[in-house]
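A.B. asks: I'm passing along run.pdb; it holds PDB, C-alpha atoms, pLDDT in the B column.
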MODEL        1
ATOM      1  CA  SER A   1     -19.099  -7.861  -3.461  1.00 52.00           C
ATOM      2  CA  PRO A   2     -22.143 -10.132  -3.695  1.00 54.00           C
ATOM      3  CA  ALA A   3     -21.641 -10.546  -7.445  1.00 55.00           C
ATOM      4  CA  ASN A   4     -18.396 -12.383  -6.717  1.00 61.00           C
ATOM      5  CA  LEU A   5     -19.991 -15.036  -4.493  1.00 59.00           C
ATOM      6  CA  GLY A   6     -20.570 -17.433  -7.386  1.00 59.00           C
ATOM      7  CA  ILE A   7     -17.161 -16.843  -8.961  1.00 67.00           C
ATOM      8  CA  PHE A   8     -14.985 -17.215  -5.876  1.00 75.00           C
ATOM      9  CA  GLN A   9     -16.128 -20.319  -4.053  1.00 80.00           C
ATOM     10  CA  HIS A  10     -14.328 -19.497  -0.809  1.00 80.00           C
ATOM     11  CA  LEU A  11     -16.730 -16.630  -0.063  1.00 85.00           C
ATOM     12  CA  THR A  12     -19.962 -18.604   0.400  1.00 86.00           C
ATOM     13  CA  PRO A  13     -18.821 -21.154   3.048  1.00 89.00           C
ATOM     14  CA  VAL A  14     -17.438 -18.404   5.302  1.00 88.00           C
ATOM     15  CA  ARG A  15     -20.642 -16.350   4.873  1.00 90.00           C
ATOM     16  CA  ALA A  16     -18.731 -13.393   3.450  1.00 88.00           C
ATOM     17  CA  GLU A  17     -21.881 -11.572   2.329  1.00 87.00           C
ATOM     18  CA  ALA A  18     -23.206 -11.460   5.914  1.00 92.00           C
ATOM     19  CA  ALA A  19     -19.772 -10.454   7.244  1.00 91.00           C
ATOM     20  CA  TRP A  20     -19.471  -7.595   4.722  1.00 91.00           C
ATOM     21  CA  LYS A  21     -22.629  -6.057   6.207  1.00 94.00           C
ATOM     22  CA  ILE A  22     -20.764  -5.748   9.510  1.00 95.00           C
ATOM     23  CA  SER A  23     -17.263  -4.900   8.270  1.00 95.00           C
ATOM     24  CA  GLN A  24     -15.054  -5.123   5.214  1.00 95.00           C
ATOM     25  CA  GLY A  25     -11.871  -4.657   7.203  1.00 97.00           C
ATOM     26  CA  GLN A  26     -11.718  -0.863   7.248  1.00 97.00           C
ATOM     27  CA  GLY A  27      -8.763   0.322   9.328  1.00 97.00           C
ATOM     28  CA  LEU A  28      -7.412  -3.189   9.918  1.00 98.00           C
ATOM     29  CA  THR A  29      -4.028  -4.656   9.023  1.00 98.00           C
ATOM     30  CA  ILE A  30      -3.697  -8.393   8.428  1.00 98.00           C
ATOM     31  CA  ALA A  31      -0.214  -9.854   8.966  1.00 98.00           C
ATOM     32  CA  VAL A  32       0.360 -12.662   6.469  1.00 98.00           C
ATOM     33  CA  ILE A  33       3.111 -14.824   7.963  1.00 98.00           C
ATOM     34  CA  ASP A  34       3.975 -17.110   5.084  1.00 98.00           C
ATOM     35  CA  SER A  35       6.258 -17.310   2.024  1.00 98.00           C
ATOM     36  CA  GLY A  36       6.031 -13.550   1.519  1.00 98.00           C
ATOM     37  CA  VAL A  37       3.603 -11.574  -0.656  1.00 98.00           C
ATOM     38  CA  ASN A  38       3.853 -10.406  -4.259  1.00 98.00           C
ATOM     39  CA  TYR A  39       3.393  -6.743  -3.396  1.00 97.00           C
ATOM     40  CA  ASN A  40       3.520  -5.851  -7.115  1.00 96.00           C
ATOM     41  CA  HIS A  41       0.472  -7.975  -8.036  1.00 95.00           C
ATOM     42  CA  PRO A  42      -2.395  -5.826  -9.412  1.00 93.00           C
ATOM     43  CA  SER A  43      -4.879  -7.236  -6.879  1.00 92.00           C
ATOM     44  CA  LEU A  44      -2.528  -6.751  -3.928  1.00 96.00           C
ATOM     45  CA  ALA A  45      -0.340  -3.697  -4.610  1.00 96.00           C
ATOM     46  CA  SER A  46      -2.851  -1.169  -3.260  1.00 95.00           C
ATOM     47  CA  LYS A  47      -3.479  -3.383  -0.232  1.00 96.00           C
ATOM     48  CA  MET A  48       0.011  -3.227   1.241  1.00 97.00           C
ATOM     49  CA  ALA A  49       0.467  -1.691   4.681  1.00 98.00           C
ATOM     50  CA  VAL A  50       3.239   0.892   4.412  1.00 98.00           C
ATOM     51  CA  ASN A  51       5.468   1.820   7.346  1.00 98.00           C
ATOM     52  CA  PRO A  52       5.572   5.629   7.084  1.00 97.00           C
ATOM     53  CA  LYS A  53       8.372   5.900   9.653  1.00 97.00           C
ATOM     54  CA  GLU A  54      10.839   3.947   7.509  1.00 97.00           C
ATOM     55  CA  ILE A  55      12.802   5.295   4.534  1.00 96.00           C
ATOM     56  CA  ALA A  56      13.167   2.666   1.811  1.00 94.00           C
ATOM     57  CA  GLY A  57      16.641   1.636   0.716  1.00 95.00           C
ATOM     58  CA  ASN A  58      18.742   3.811   3.004  1.00 97.00           C
ATOM     59  CA  GLY A  59      20.134   0.849   4.984  1.00 96.00           C
ATOM     60  CA  LYS A  60      19.008   2.319   8.320  1.00 97.00           C
ATOM     61  CA  ASP A  61      16.481   1.419  10.976  1.00 98.00           C
ATOM     62  CA  ASP A  62      14.672   4.766  10.793  1.00 98.00           C
ATOM     63  CA  ASP A  63      11.839   3.844  13.143  1.00 97.00           C
ATOM     64  CA  GLY A  64      14.053   2.119  15.739  1.00 98.00           C
ATOM     65  CA  ASN A  65      12.141  -1.165  15.735  1.00 97.00           C
ATOM     66  CA  GLY A  66      15.207  -3.332  15.075  1.00 97.00           C
ATOM     67  CA  PHE A  67      14.533  -3.936  11.364  1.00 97.00           C
ATOM     68  CA  ILE A  68      16.269  -2.107   8.515  1.00 97.00           C
ATOM     69  CA  ASP A  69      14.180  -0.778   5.593  1.00 97.00           C
ATOM     70  CA  ASP A  70      10.986  -2.554   6.700  1.00 98.00           C
ATOM     71  CA  VAL A  71       8.696  -0.361   4.610  1.00 98.00           C
ATOM     72  CA  LEU A  72       6.473  -3.222   3.364  1.00 97.00           C
ATOM     73  CA  GLY A  73       6.956  -5.801   6.102  1.00 98.00           C
ATOM     74  CA  TYR A  74       9.989  -7.981   6.707  1.00 98.00           C
ATOM     75  CA  ASP A  75      11.722 -11.047   5.288  1.00 98.00           C
ATOM     76  CA  PHE A  76      12.990 -13.206   8.174  1.00 98.00           C
ATOM     77  CA  VAL A  77      14.347 -15.792   5.723  1.00 98.00           C
ATOM     78  CA  ASN A  78      16.815 -13.387   4.086  1.00 97.00           C
ATOM     79  CA  SER A  79      16.945 -10.802   6.912  1.00 97.00           C
ATOM     80  CA  ASP A  80      15.901  -7.847   4.798  1.00 97.00           C
ATOM     81  CA  GLY A  81      12.979  -5.508   4.156  1.00 97.00           C
ATOM     82  CA  LEU A  82      11.882  -7.235   0.931  1.00 97.00           C
ATOM     83  CA  PRO A  83       9.312  -9.908   1.890  1.00 98.00           C
ATOM     84  CA  PHE A  84       8.619 -10.835  -1.755  1.00 98.00           C
ATOM     85  CA  ASP A  85       6.886 -14.166  -2.332  1.00 98.00           C
ATOM     86  CA  ASP A  86       9.051 -16.633  -4.270  1.00 94.00           C
ATOM     87  CA  ASP A  87       6.626 -19.528  -3.730  1.00 95.00           C
ATOM     88  CA  GLY A  88       3.139 -18.132  -4.394  1.00 96.00           C
ATOM     89  CA  HIS A  89       1.443 -19.435  -1.267  1.00 97.00           C
ATOM     90  CA  GLY A  90       1.671 -16.245   0.767  1.00 98.00           C
ATOM     91  CA  SER A  91       0.297 -14.194  -2.111  1.00 97.00           C
ATOM     92  CA  HIS A  92      -2.623 -16.611  -2.431  1.00 94.00           C
ATOM     93  CA  VAL A  93      -3.366 -16.305   1.296  1.00 96.00           C
ATOM     94  CA  ALA A  94      -3.071 -12.498   1.142  1.00 97.00           C
ATOM     95  CA  GLY A  95      -5.509 -12.425  -1.771  1.00 95.00           C
ATOM     96  CA  LEU A  96      -8.057 -14.557   0.067  1.00 93.00           C
ATOM     97  CA  ALA A  97      -7.723 -12.328   3.114  1.00 95.00           C
ATOM     98  CA  ALA A  98      -7.852  -8.871   1.539  1.00 96.00           C
ATOM     99  CA  GLY A  99      -7.455  -9.032  -2.232  1.00 90.00           C
ATOM    100  CA  HIS A 100      -9.258  -6.486  -4.363  1.00 83.00           C
ATOM    101  CA  GLY A 101     -12.573  -7.964  -5.500  1.00 77.00           C
ATOM    102  CA  PHE A 102     -12.337 -11.348  -3.795  1.00 83.00           C
ATOM    103  CA  GLY A 103     -10.896 -10.928  -0.304  1.00 90.00           C
ATOM    104  CA  ILE A 104     -12.816 -11.656   2.866  1.00 92.00           C
ATOM    105  CA  ALA A 105     -11.737  -8.236   4.219  1.00 95.00           C
ATOM    106  CA  PRO A 106     -11.315  -6.224   0.989  1.00 93.00           C
ATOM    107  CA  GLN A 107     -10.700  -2.913   2.730  1.00 96.00           C
ATOM    108  CA  ALA A 108      -7.991  -4.201   5.077  1.00 98.00           C
ATOM    109  CA  LYS A 109      -4.262  -3.713   4.526  1.00 98.00           C
ATOM    110  CA  ILE A 110      -1.767  -6.573   4.246  1.00 98.00           C
ATOM    111  CA  LEU A 111       1.516  -6.741   6.195  1.00 98.00           C
ATOM    112  CA  PRO A 112       3.806  -9.346   4.580  1.00 98.00           C
ATOM    113  CA  ILE A 113       6.023 -11.317   6.937  1.00 98.00           C
ATOM    114  CA  LYS A 114       8.215 -13.861   5.155  1.00 98.00           C
ATOM    115  CA  ALA A 115       9.152 -16.703   7.472  1.00 97.00           C
TER     116      ALA A 115
ENDMDL
END
Translate the structure described by the file into structure tokens.
C.D. replies:
Amino acid sequence: SPANLGIFQHLTPVRAEAAWKISQGQGLTIAVIDSGVNYNHPSLASKMAVNPKEIAGNGKDDDGNGFIDDVLGYDFVNSDGLPFDDDGHGSHVAGLAAGHGFGIAPQAKILPIKA
């Protein structure tokens, strides 16, 4: 929101206020290919893209896409469906992209890809 422009310095140089008049990311999913994403963080938890065709924790590839239990993205480092950020960088990037209150596209969803 415009009130955040002074607090979060990344918003002004990218002209976020003008962009928000056009779109805030409604209906979009942003893949964050990085160190993972802290999908439990209060500013990010509600932003996660959820794969509705996958059943969490059953050890099966329910949607037939070649990845087991990829409900919240995928971890290509550990070959599992838990792309949790153990470095912090990917979470930072996800927050800048779509974080609640300070993201460039605050209404977009985040798809964590840990690589």
A.B. asks: Please list as a PyMOL selection string every residue within 12 Å of region 59-73 of chain A, counting all atoms listed in the file and excluding residues in the same chain fewer than 6 positions away.
C.D. replies: chain A and resi 29-34+36-40+45-53+79-85+109-115
A.B. asks: Distance CA of Ile104 (chain A)-CA of Leu44 (chain A), one decimal place?
C.D. replies: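 The value is 13.3 Å.
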A.B. asks: Counting only C-alpha atoms, which residues come within 10 Å of (-10.9, -12.6, 1.7), with the point read in the file's coordinates, and could you list them as a ChimeraX atom specification?
C.D. replies: /A:8,10-11,14,16,24-25,93-108
A.B. asks: What is the CA of Gly88 (chain A)-CA of Ser43 (chain A) distance in Å, reported with one decimal?
C.D. replies: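 CA of Gly88 (chain A) sits 13.8 Å away from CA of Ser43 (chain A).
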A.B. asks: What is the CA of Asn58 (chain A) to CA of Gly27 (chain A) distance in Å?
C.D. replies: 28.4 Å
A.B. asks: Between A:Ser35, A:Pro13, A:Glu54, A:Gln26, which has the minimum distance to Asp86 (chain A) (counting all atoms listed in the file)?
C.D. replies: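 The answer is A:Ser35, which sits nearest to Asp86 (chain A).
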A.B. asks: Mind giving me the axis-aligned box for region 90-107 of chain A with 8 Å on every side, centre plus edges in Å to one decimal, as AutoDock Vina command-line options?
C.D. replies:
--center_x -5.6 --center_y -9.8 --center_z -0.6 --size_x 30.5 --size_y 29.7 --size_z 25.7
A.B. asks: Since the input is missing atoms for region 97-108 of chain A, could you rebuild it with all heavy atoms and give the result as a compact mmCIF listing (two decimals), in the frame of the given file?
C.D. replies:
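Result file is selection_26.txt:
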# COMPACT_ATOMS: atom_id res chain seq x y z
N ALA A 97 -7.46 -13.16 1.95
CA ALA A 97 -7.72 -12.33 3.11
C ALA A 97 -8.22 -10.94 2.73
O ALA A 97 -9.22 -10.46 3.26
CB ALA A 97 -6.46 -12.21 3.97
N ALA A 98 -7.52 -10.27 1.79
CA ALA A 98 -7.85 -8.87 1.54
C ALA A 98 -7.71 -8.44 0.09
O ALA A 98 -7.68 -7.25 -0.20
CB ALA A 98 -6.96 -7.99 2.42
N GLY A 99 -7.62 -9.38 -0.82
CA GLY A 99 -7.46 -9.03 -2.23
C GLY A 99 -8.59 -8.20 -2.79
O GLY A 99 -9.75 -8.33 -2.37
N HIS A 100 -8.27 -7.35 -3.72
CA HIS A 100 -9.26 -6.49 -4.36
C HIS A 100 -10.26 -7.34 -5.14
O HIS A 100 -9.87 -8.08 -6.03
CB HIS A 100 -8.55 -5.51 -5.30
CG HIS A 100 -9.48 -4.63 -6.06
ND1 HIS A 100 -10.21 -3.65 -5.45
CD2 HIS A 100 -9.80 -4.59 -7.37
CE1 HIS A 100 -10.95 -3.04 -6.36
NE2 HIS A 100 -10.72 -3.60 -7.53
N GLY A 101 -11.53 -7.26 -4.77
CA GLY A 101 -12.57 -7.96 -5.50
C GLY A 101 -12.92 -9.36 -5.01
O GLY A 101 -13.96 -9.88 -5.37
N PHE A 102 -12.05 -9.98 -4.22
CA PHE A 102 -12.34 -11.35 -3.80
C PHE A 102 -11.87 -11.66 -2.38
O PHE A 102 -11.99 -12.78 -1.93
CB PHE A 102 -11.73 -12.37 -4.77
CG PHE A 102 -10.26 -12.19 -4.99
CD1 PHE A 102 -9.34 -12.79 -4.16
CD2 PHE A 102 -9.81 -11.41 -6.04
CE1 PHE A 102 -7.97 -12.62 -4.37
CE2 PHE A 102 -8.45 -11.24 -6.26
CZ PHE A 102 -7.53 -11.84 -5.42
N GLY A 103 -11.36 -10.69 -1.66
CA GLY A 103 -10.90 -10.93 -0.30
C GLY A 103 -12.03 -10.92 0.70
O GLY A 103 -13.05 -10.28 0.50
N ILE A 104 -11.84 -11.62 1.78
CA ILE A 104 -12.82 -11.66 2.87
C ILE A 104 -12.91 -10.28 3.52
O ILE A 104 -13.98 -9.84 3.92
CB ILE A 104 -12.43 -12.72 3.92
CG1 ILE A 104 -12.36 -14.11 3.30
CG2 ILE A 104 -13.40 -12.70 5.10
CD1 ILE A 104 -13.65 -14.60 2.70
N ALA A 105 -11.78 -9.59 3.65
CA ALA A 105 -11.74 -8.24 4.22
C ALA A 105 -11.13 -7.30 3.17
O ALA A 105 -9.98 -6.87 3.29
CB ALA A 105 -10.92 -8.24 5.50
N PRO A 106 -11.88 -6.95 2.12
CA PRO A 106 -11.32 -6.22 0.99
C PRO A 106 -10.83 -4.81 1.27
O PRO A 106 -10.10 -4.24 0.46
CB PRO A 106 -12.46 -6.22 -0.03
CG PRO A 106 -13.69 -6.36 0.78
CD PRO A 106 -13.31 -7.22 1.94
N GLN A 107 -11.18 -4.26 2.41
CA GLN A 107 -10.70 -2.91 2.73
C GLN A 107 -9.54 -2.91 3.74
O GLN A 107 -9.05 -1.86 4.13
CB GLN A 107 -11.85 -2.04 3.22
CG GLN A 107 -12.87 -1.79 2.12
CD GLN A 107 -14.00 -0.90 2.56
OE1 GLN A 107 -13.93 -0.22 3.57
NE2 GLN A 107 -15.07 -0.89 1.78
N ALA A 108 -9.11 -4.09 4.14
CA ALA A 108 -7.99 -4.20 5.08
C ALA A 108 -6.67 -4.05 4.33
O ALA A 108 -6.61 -4.18 3.11
CB ALA A 108 -8.03 -5.56 5.78
